[in-house]
Amino acid sequence: FFFILYSFPRLSLSLSTVNMKTACIFSLLIASVSSFTNNIARCESSTLLKAASDDSLIYSTAVPFLERPKVLDGKYAGDAGFDPLSFAKTETDLLVYREAEIKHARLAMLAAAGWPISELYDAKLASFANMPSLLDGNGRVPSLLNGGMEKVPVIYWLVCLIAASAIDVYGLRKTNGADYIPGNLGMDPFGVSKSPRAIEFFRTAEIKNGRLAMIAITLYALLEFSQSTAIVNTFPYLFQPLSQTVSNLQVASGMSS
């Protein structure tokens, strides 16, 4: 939990050459996930379930050749009947797993943005505040795999613990409601939930983006550990200004010619 939350300490700018082999693998993974989620979205827009006849089995839209678990009846956003290992055997199981998924999804979305931002700006902010940077010699943020967690101030962990505990206690109080939906803390500061259709849209968008973010931060951690370089250096074109990317391409083109 705190490993994910670390994505928002102080922040550093460091760019290097692109590892083309890894870039291709990463792009293919993202394209595969995007294609998978778009396919599910099209299925969900028409129908969540399909059946060959009234007497036949009901199949999952995510994995059409597998039977849909009975508890996955489509009442939650993003439910495509995907539970091949049958974790959710009862409504209570489903509630617990859904609550865990939405919490991890939200933390992952924060981490997917906070991780590269930290690597881009930590050194600058640390220099401005006359403090040591938390990044290692390769410009990587502290993590369980990268190491360096001991450099994070204790006060930061205390703030994380208090904030997380407060949010969790508040969430537990909400779960006592009869109409409680996992992850619904009643927060809508921008007033986007003005209709049932809008609510369903944003709930589906949140869980799908959260699932993609969980994959992304896993790749961040594995790539930085295996290559010993910051993710912003492995894929600079994703994290630097477009003008700089174009300039770098022009320079590379001139050198090759």
# chains A, B, ... in the order shown; residues from 1 in each chain; ligands from 1

$ residues_around --residues "Thr245 of chain A" --least-positions-apart "6" --cutoff "9 Å" --atoms "only C-alpha atoms" --output "ChimeraX atom specification"
/A:236-238

$ residues_around --residues "Leu66 of chain A" --least-positions-apart "4" --cutoff "10 Å" --atoms "only C-alpha atoms" --output "list of chain:residue names"
A:Leu57, A:Ile58, A:Tyr59, A:Ser60, A:Thr61, A:Ala62, A:Gly81, A:Phe82, A:Asp83, A:Pro84

$ closest_residue --among "A:Ile207, A:Ala80, A:Leu172, A:Val159" --to "Leu107 of chain A" --atoms "only C-alpha atoms"
A:Ile207

$ select_by_dssp --residues "segment 57-210 of chain A" --states "helix (DSSP H, G or I)" --output "number ranges by chain"
A: 91-128, 149-151, 154-174, 196-210

$ residues_around --residues "Ala221 of chain A" --least-positions-apart "5" --cutoff "12 Å" --atoms "only C-alpha atoms" --output "list in words"
Phe3, Ile4, Ser7, Ala111, Ala112, Trp115, Pro116, Arg140, Val141, Pro142, Ser143, Leu144, Leu145, Asn146, Gly147, Met214, Ile215, Ala216, Ser226, Gln227, Ser228, Thr229, Ala230 and Ile231 of chain A

$ closest_residue --among "A:Ser243, A:Asn209, A:Thr218, A:Asn130" --to "Ala105 of chain A" --atoms "only C-alpha atoms"
A:Asn209

$ atom_distance --atom1 "atom CA of Val71 of chain A" --atom2 "atom CA of Glu91 of chain A"
6.2 Å

$ closest_residue --among "A:His104, A:Lys70, A:Lys75, A:Lys89" --to "Arg211 of chain A" --atoms "only C-alpha atoms"
A:His104

$ atom_distance --atom1 "atom CA of Glu67 of chain A" --atom2 "atom CA of Leu85 of chain A"
11.5 Å

$ atom_distance --atom1 "atom CA of Phe201 of chain A" --atom2 "atom CA of Asn184 of chain A"
14.3 Å
